[in-house]
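**Q** My file is entry.pdb. It has PDB, C-alpha atoms, pLDDT in the B column:
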ATOM      1  CA  MET A   9       0.000   0.000   0.000  1.00 56.00           C
ATOM      2  CA  LEU A  10       1.389   3.382  -1.005  1.00 60.00           C
ATOM      3  CA  GLN A  11       1.279   6.153   1.503  1.00 66.00           C
ATOM      4  CA  ASN A  12       1.421   9.844   0.788  1.00 66.00           C
ATOM      5  CA  VAL A  13       4.775  11.201   1.818  1.00 62.00           C
ATOM      6  CA  THR A  14       5.322  14.879   2.264  1.00 57.00           C
ATOM      7  CA  ILE A  15       8.837  16.186   1.936  1.00 55.00           C
ATOM      8  CA  THR A  16       9.409  19.020   4.372  1.00 52.00           C
ATOM      9  CA  PRO A  17      12.124  21.463   3.329  1.00 53.00           C
ATOM     10  CA  ALA A  18      14.938  22.188   5.761  1.00 58.00           C
ATOM     11  CA  ARG A  19      13.970  24.885   8.236  1.00 77.00           C
ATOM     12  CA  ARG A  20      16.562  27.441   9.056  1.00 83.00           C
ATOM     13  CA  SER A  21      16.241  30.416  11.351  1.00 90.00           C
ATOM     14  CA  LEU A  22      18.681  32.614   9.451  1.00 91.00           C
ATOM     15  CA  GLU A  23      19.949  32.988   5.900  1.00 95.00           C
ATOM     16  CA  PHE A  24      23.047  35.157   6.034  1.00 94.00           C
ATOM     17  CA  GLY A  25      24.447  36.501   2.760  1.00 95.00           C
ATOM     18  CA  ILE A  26      28.166  37.301   2.722  1.00 93.00           C
ATOM     19  CA  TYR A  27      29.186  39.596  -0.146  1.00 92.00           C
ATOM     20  CA  ARG A  28      32.977  39.711   0.160  1.00 86.00           C
ATOM     21  CA  ASP A  29      35.129  41.865  -2.088  1.00 82.00           C
ATOM     22  CA  GLY A  30      38.722  40.819  -1.529  1.00 74.00           C
ATOM     23  CA  ASP A  31      40.186  42.804  -4.413  1.00 69.00           C
ATOM     24  CA  ASN A  32      42.342  44.853  -2.058  1.00 67.00           C
ATOM     25  CA  ASN A  33      45.068  44.658   0.563  1.00 66.00           C
ATOM     26  CA  LEU A  34      42.619  43.277   3.161  1.00 70.00           C
ATOM     27  CA  ASP A  35      41.871  40.077   1.193  1.00 73.00           C
ATOM     28  CA  ALA A  36      43.685  37.696   3.559  1.00 74.00           C
ATOM     29  CA  ILE A  37      42.454  39.268   6.797  1.00 75.00           C
ATOM     30  CA  GLN A  38      38.841  39.479   5.566  1.00 77.00           C
ATOM     31  CA  GLU A  39      38.872  35.736   4.880  1.00 80.00           C
ATOM     32  CA  SER A  40      38.280  35.203   8.582  1.00 81.00           C
ATOM     33  CA  THR A  41      34.635  36.160   7.936  1.00 86.00           C
ATOM     34  CA  LEU A  42      34.272  32.982   5.864  1.00 88.00           C
ATOM     35  CA  SER A  43      36.103  30.761   8.348  1.00 89.00           C
ATOM     36  CA  GLN A  44      33.821  32.097  11.082  1.00 92.00           C
ATOM     37  CA  ALA A  45      30.772  31.322   8.927  1.00 93.00           C
ATOM     38  CA  LEU A  46      31.968  27.746   8.452  1.00 93.00           C
ATOM     39  CA  ARG A  47      32.419  27.304  12.206  1.00 93.00           C
ATOM     40  CA  ALA A  48      29.089  28.981  13.019  1.00 94.00           C
ATOM     41  CA  SER A  49      27.197  26.715  10.616  1.00 93.00           C
ATOM     42  CA  ALA A  50      28.882  23.625  12.069  1.00 94.00           C
ATOM     43  CA  GLY A  51      27.761  24.672  15.534  1.00 93.00           C
ATOM     44  CA  ASP A  52      24.226  25.743  14.605  1.00 92.00           C
ATOM     45  CA  SER A  53      22.307  24.005  11.827  1.00 91.00           C
ATOM     46  CA  ARG A  54      19.701  26.763  11.875  1.00 93.00           C
ATOM     47  CA  ILE A  55      22.108  29.104  10.042  1.00 95.00           C
ATOM     48  CA  GLU A  56      22.903  28.945   6.332  1.00 96.00           C
ATOM     49  CA  PHE A  57      25.226  31.288   4.461  1.00 96.00           C
ATOM     50  CA  THR A  58      24.990  32.367   0.836  1.00 96.00           C
ATOM     51  CA  VAL A  59      28.421  33.569  -0.264  1.00 95.00           C
ATOM     52  CA  GLU A  60      29.811  35.589  -3.143  1.00 94.00           C
ATOM     53  CA  ASP A  61      33.554  35.889  -2.612  1.00 90.00           C
ATOM     54  CA  THR A  62      35.876  37.736  -4.972  1.00 85.00           C
ATOM     55  CA  THR A  63      39.403  36.855  -3.921  1.00 84.00           C
ATOM     56  CA  ALA A  64      42.937  36.205  -5.083  1.00 80.00           C
ATOM     57  CA  LEU A  65      43.300  33.458  -2.477  1.00 77.00           C
ATOM     58  CA  ARG A  66      43.127  29.829  -3.598  1.00 62.00           C
ATOM     59  CA  ALA A  67      40.356  27.922  -1.807  1.00 58.00           C
ATOM     60  CA  PRO A  68      36.727  29.012  -1.579  1.00 61.00           C
ATOM     61  CA  VAL A  69      36.790  28.840   2.248  1.00 58.00           C
ATOM     62  CA  GLY A  70      38.887  27.719   5.170  1.00 48.00           C
ATOM     63  CA  PRO A  71      42.620  27.906   5.704  1.00 41.00           C
ATOM     64  CA  ARG A  72      44.179  29.422   2.642  1.00 45.00           C
ATOM     65  CA  GLN A  73      47.785  28.623   2.010  1.00 40.00           C
ATOM     66  CA  GLY A  74      50.103  30.897   0.093  1.00 40.00           C
ATOM     67  CA  GLN A  75      49.456  34.275  -1.416  1.00 42.00           C
ATOM     68  CA  ASP A  76      47.765  35.245  -4.654  1.00 42.00           C
ATOM     69  CA  ASP A  77      46.321  32.644  -6.984  1.00 42.00           C
ATOM     70  CA  LYS A  78      48.218  32.372 -10.274  1.00 44.00           C
ATOM     71  CA  GLU A  79      44.984  33.167 -12.114  1.00 53.00           C
ATOM     72  CA  GLY A  80      44.532  36.365 -10.113  1.00 77.00           C
ATOM     73  CA  LEU A  81      41.135  37.364  -8.797  1.00 80.00           C
ATOM     74  CA  ARG A  82      38.239  34.881  -9.040  1.00 85.00           C
ATOM     75  CA  THR A  83      34.663  35.038  -7.816  1.00 89.00           C
ATOM     76  CA  TYR A  84      33.328  32.026  -5.955  1.00 91.00           C
ATOM     77  CA  ASP A  85      29.603  31.555  -5.319  1.00 92.00           C
ATOM     78  CA  TYR A  86      28.618  28.906  -2.789  1.00 94.00           C
ATOM     79  CA  THR A  87      26.627  28.062   0.308  1.00 95.00           C
ATOM     80  CA  ILE A  88      27.816  27.153   3.774  1.00 94.00           C
ATOM     81  CA  SER A  89      25.538  25.012   5.924  1.00 94.00           C
ATOM     82  CA  ASP A  90      25.987  22.355   8.583  1.00 93.00           C
ATOM     83  CA  GLY A  91      29.752  22.943   8.536  1.00 92.00           C
ATOM     84  CA  ASP A  92      30.096  22.177   4.819  1.00 92.00           C
ATOM     85  CA  VAL A  93      30.641  24.179   1.654  1.00 92.00           C
ATOM     86  CA  GLY A  94      28.278  23.335  -1.201  1.00 91.00           C
ATOM     87  CA  ASN A  95      27.144  24.412  -4.647  1.00 91.00           C
ATOM     88  CA  VAL A  96      30.545  25.941  -5.464  1.00 90.00           C
ATOM     89  CA  ARG A  97      30.815  27.848  -8.726  1.00 90.00           C
ATOM     90  CA  SER A  98      33.879  29.767  -9.852  1.00 87.00           C
ATOM     91  CA  ASP A  99      34.126  32.449 -12.508  1.00 88.00           C
ATOM     92  CA  LYS A 100      36.229  35.427 -13.501  1.00 89.00           C
ATOM     93  CA  ALA A 101      36.239  38.220 -10.948  1.00 85.00           C
ATOM     94  CA  ALA A 102      32.897  39.992 -10.667  1.00 87.00           C
ATOM     95  CA  ASP A 103      32.676  43.759 -10.316  1.00 84.00           C
ATOM     96  CA  MET A 104      31.574  43.834  -6.702  1.00 84.00           C
ATOM     97  CA  SER A 105      30.793  47.559  -6.880  1.00 82.00           C
ATOM     98  CA  ASP A 106      28.258  46.987  -9.690  1.00 87.00           C
ATOM     99  CA  GLU A 107      24.667  47.542  -8.565  1.00 90.00           C
ATOM    100  CA  ALA A 108      23.330  44.779 -10.798  1.00 94.00           C
ATOM    101  CA  ASN A 109      25.819  42.286  -9.350  1.00 94.00           C
ATOM    102  CA  LEU A 110      24.831  43.141  -5.766  1.00 94.00           C
ATOM    103  CA  ALA A 111      21.123  42.975  -6.719  1.00 97.00           C
ATOM    104  CA  ARG A 112      21.588  39.455  -8.157  1.00 97.00           C
ATOM    105  CA  PHE A 113      23.376  38.403  -4.966  1.00 97.00           C
ATOM    106  CA  VAL A 114      20.550  39.779  -2.803  1.00 98.00           C
ATOM    107  CA  ALA A 115      17.985  37.916  -4.934  1.00 98.00           C
ATOM    108  CA  ARG A 116      20.004  34.672  -4.707  1.00 97.00           C
ATOM    109  CA  THR A 117      20.266  35.058  -0.920  1.00 98.00           C
ATOM    110  CA  LEU A 118      16.494  35.572  -0.691  1.00 98.00           C
ATOM    111  CA  ASP A 119      15.914  32.564  -2.976  1.00 97.00           C
ATOM    112  CA  ASN A 120      18.039  30.427  -0.661  1.00 96.00           C
ATOM    113  CA  ALA A 121      16.197  31.815   2.379  1.00 96.00           C
ATOM    114  CA  GLN A 122      12.895  30.789   0.838  1.00 96.00           C
ATOM    115  CA  ALA A 123      14.185  27.315  -0.051  1.00 93.00           C
ATOM    116  CA  SER A 124      15.521  26.730   3.466  1.00 92.00           C
ATOM    117  CA  GLY A 125      12.485  28.233   5.209  1.00 92.00           C
ATOM    118  CA  ALA A 126      14.629  30.857   6.946  1.00 94.00           C
ATOM    119  CA  LYS A 127      12.778  33.253   9.222  1.00 94.00           C
ATOM    120  CA  GLN A 128      15.314  36.094   8.834  1.00 95.00           C
ATOM    121  CA  THR A 129      17.655  37.204   6.075  1.00 97.00           C
ATOM    122  CA  TRP A 130      20.722  39.373   6.612  1.00 96.00           C
ATOM    123  CA  ILE A 131      23.425  40.672   4.254  1.00 94.00           C
ATOM    124  CA  ASP A 132      27.069  41.254   5.238  1.00 90.00           C
ATOM    125  CA  LEU A 133      29.056  43.603   2.973  1.00 88.00           C
ATOM    126  CA  VAL A 134      32.758  42.832   3.437  1.00 84.00           C
ATOM    127  CA  ASP A 135      35.065  45.257   1.634  1.00 76.00           C
ATOM    128  CA  HIS A 136      37.701  47.923   2.027  1.00 61.00           C
ATOM    129  CA  GLY A 137      34.873  50.422   1.769  1.00 56.00           C
ATOM    130  CA  GLY A 138      36.443  53.774   1.138  1.00 53.00           C
ATOM    131  CA  GLY A 139      35.597  55.191   4.584  1.00 50.00           C
ATOM    132  CA  ASP A 140      33.085  58.030   4.737  1.00 46.00           C
ATOM    133  CA  GLY A 141      33.696  58.672   1.044  1.00 44.00           C
ATOM    134  CA  GLY A 142      31.628  55.780  -0.206  1.00 47.00           C
ATOM    135  CA  GLY A 143      30.570  52.184  -0.151  1.00 58.00           C
ATOM    136  CA  LEU A 144      31.862  49.132  -2.017  1.00 69.00           C
ATOM    137  CA  GLN A 145      35.220  49.968  -3.605  1.00 66.00           C
ATOM    138  CA  THR A 146      36.807  48.553  -6.755  1.00 58.00           C
ATOM    139  CA  ARG A 147      40.498  48.041  -7.464  1.00 58.00           C
ATOM    140  CA  ASP A 148      40.568  51.194  -9.580  1.00 65.00           C
ATOM    141  CA  GLY A 149      39.104  53.243  -6.724  1.00 64.00           C
ATOM    142  CA  SER A 150      35.580  53.642  -8.061  1.00 66.00           C
ATOM    143  CA  VAL A 151      32.905  53.189  -5.430  1.00 70.00           C
ATOM    144  CA  MET A 152      29.278  52.089  -5.219  1.00 76.00           C
ATOM    145  CA  SER A 153      27.802  54.763  -2.988  1.00 75.00           C
ATOM    146  CA  MET A 154      25.592  54.089  -0.006  1.00 78.00           C
ATOM    147  CA  PRO A 155      22.416  55.184  -1.862  1.00 83.00           C
ATOM    148  CA  ASP A 156      23.426  52.871  -4.723  1.00 85.00           C
ATOM    149  CA  ILE A 157      23.874  49.997  -2.247  1.00 87.00           C
ATOM    150  CA  ALA A 158      20.367  50.660  -0.906  1.00 89.00           C
ATOM    151  CA  LYS A 159      19.007  50.711  -4.472  1.00 94.00           C
ATOM    152  CA  ALA A 160      20.788  47.450  -5.325  1.00 94.00           C
ATOM    153  CA  ILE A 161      19.285  45.770  -2.257  1.00 95.00           C
ATOM    154  CA  SER A 162      15.850  47.081  -3.236  1.00 96.00           C
ATOM    155  CA  ASP A 163      16.358  45.816  -6.798  1.00 98.00           C
ATOM    156  CA  GLY A 164      17.343  42.385  -5.419  1.00 97.00           C
ATOM    157  CA  LEU A 165      14.169  42.300  -3.347  1.00 97.00           C
ATOM    158  CA  ALA A 166      12.143  43.099  -6.479  1.00 98.00           C
ATOM    159  CA  MET A 167      13.958  40.399  -8.489  1.00 98.00           C
ATOM    160  CA  HIS A 168      13.160  37.785  -5.849  1.00 98.00           C
ATOM    161  CA  ALA A 169       9.539  38.910  -5.544  1.00 97.00           C
ATOM    162  CA  GLY A 170       9.119  38.828  -9.336  1.00 97.00           C
ATOM    163  CA  ALA A 171      10.500  35.296  -9.579  1.00 97.00           C
ATOM    164  CA  HIS A 172       8.694  34.075  -6.440  1.00 97.00           C
ATOM    165  CA  PRO A 173       5.377  35.928  -6.063  1.00 97.00           C
ATOM    166  CA  ASP A 174       4.347  33.496  -3.315  1.00 96.00           C
ATOM    167  CA  ASP A 175       7.315  34.770  -1.262  1.00 96.00           C
ATOM    168  CA  ALA A 176       7.126  38.443  -2.268  1.00 96.00           C
ATOM    169  CA  ARG A 177       6.852  39.642   1.334  1.00 95.00           C
ATOM    170  CA  ARG A 178      10.299  38.284   2.267  1.00 95.00           C
ATOM    171  CA  SER A 179      12.725  41.094   3.058  1.00 96.00           C
ATOM    172  CA  ILE A 180      16.264  41.827   4.161  1.00 96.00           C
ATOM    173  CA  ASP A 181      16.098  42.140   7.947  1.00 95.00           C
ATOM    174  CA  GLY A 182      19.490  43.751   8.372  1.00 92.00           C
ATOM    175  CA  VAL A 183      22.695  44.779   6.663  1.00 89.00           C
ATOM    176  CA  VAL A 184      26.085  44.393   8.326  1.00 83.00           C
ATOM    177  CA  ALA A 185      28.874  46.656   7.090  1.00 78.00           C
ATOM    178  CA  ASN A 186      32.231  45.025   7.646  1.00 71.00           C
ATOM    179  CA  GLN A 187      35.689  46.661   7.633  1.00 55.00           C
ATOM    180  CA  CYS A 188      35.941  50.338   6.606  1.00 59.00           C
ATOM    181  CA  LEU A 189      32.200  50.675   6.062  1.00 49.00           C
ATOM    182  CA  MET A 190      31.307  49.938   9.645  1.00 48.00           C
ATOM    183  CA  ASP A 191      32.483  53.236  11.164  1.00 47.00           C
ATOM    184  CA  THR A 192      30.773  55.567   8.737  1.00 51.00           C
ATOM    185  CA  MET A 193      27.879  57.756   9.842  1.00 50.00           C
ATOM    186  CA  GLY A 194      26.792  57.966   6.219  1.00 52.00           C
ATOM    187  CA  PHE A 195      26.373  54.201   6.021  1.00 51.00           C
ATOM    188  CA  ALA A 196      24.395  54.126   9.258  1.00 52.00           C
ATOM    189  CA  GLU A 197      22.071  56.797   7.870  1.00 54.00           C
ATOM    190  CA  GLY A 198      21.826  55.095   4.451  1.00 49.00           C
TER     191      GLY A 198
END
Could you rewrite the structure in this file as structure tokens?

**A**
Amino acid sequence: MLQNVTITPARRSLEFGIYRDGDNNLDAIQESTLSQALRASAGDSRIEFTVEDTTALRAPVGPRQGQDDKEGLRTYDYTISDGDVGNVRSDKAADMSDEANLARFVARTLDNAQASGAKQTWIDLVDHGGGDGGGLQTRDGSVMSMPDIAKAISDGLAMHAGAHPDDARRSIDGVVANQCLMDTMGFAEG
């Protein structure tokens, strides 16, 4: 006799998006954000991380040996959950100060939050930052301003809602500004 079986998706409390731009002199030190995420997910299965990591370091997460990768900067997209790295994709370095790129990351983080049943969704912007002068900084010194960051997050929300109308009310509950961004009054106001 066949019985109806219902598959229940994993339930997470928190989907935490890490948008890390390691195209600067803080690449190695900022990697600790990813190692901490790996440890946090191993200790608490209710947390999942969606990661976009542009780096010159070799491995997508964990202890990174040596200096710059021979290929130079690469962007790795992956998830961290239950102490493991999954769904790893690698591509040429993304322009992390591009609004459209940040919007796609926000949408992907929200998509993962929906799939895992997360109750909250947060974004962590990890970059050099440019101090009070701006937001996400590129290697050539151009910067995505704080209003542009807010617009990109809003655009990502709209992308997710358009693709998932049944989950259109999902939002970003908080934004963490890591490194140089964190001390700026302008970012706090933005």

**Q** When you draw a straight line from atom CA of A:Gln122 to atom CA of A:Gly25, how long is it in Å?

**A**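 Distance reported for this atom pair: 13.0 Å.
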
**Q** Quick one: distance from atom CA of A:Gly51 to atom CA of A:Ala123 in Å, one decimal?

**A**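 Distance reported for this atom pair: 20.8 Å.
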
**Q** What is the distance, in Å and to one decimal place, between atom CA of A:Ser89 and atom CA of A:Leu118?

**A**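 Calculated distance between atom CA of A:Ser89 and atom CA of A:Leu118 is 15.4 Å.
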
**Q** I'd like to know which of A:Gly30, A:Gly94, A:Gly125, A:Gly164 is closest to A:Arg54, using only C-alpha atoms.

**A**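 Between A:Gly30, A:Gly94, A:Gly125, A:Gly164, the residue approaching A:Arg54 most closely is A:Gly125.
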
**Q** Output the residue selection produced by the PyMOL selection byres ((chain A and resi 61) around 6) on the file above, formatted as a CSV table (one decimal) with C-alpha atoms, in the frame of the given file.

**A**
chain,number,residue,atom,x,y,z
A,28,ARG,CA,33.0,39.7,0.2
A,60,GLU,CA,29.8,35.6,-3.1
A,62,THR,CA,35.9,37.7,-5.0
A,83,THR,CA,34.7,35.0,-7.8
A,84,TYR,CA,33.3,32.0,-6.0

**Q** Once the PyMOL selection byres ((chain A and resi 23) around 6) is applied to the coordinates I shared, what remains selected? I want it as a tab-separated table (two decimals) with C-alpha atoms, in the frame of the given file.

**A**
chain	number	residue	atom	x	y	z
A	22	LEU	CA	18.68	32.61	9.45
A	24	PHE	CA	23.05	35.16	6.03
A	56	GLU	CA	22.90	28.94	6.33
A	57	PHE	CA	25.23	31.29	4.46
A	121	ALA	CA	16.20	31.82	2.38
A	126	ALA	CA	14.63	30.86	6.95
A	129	THR	CA	17.66	37.20	6.08
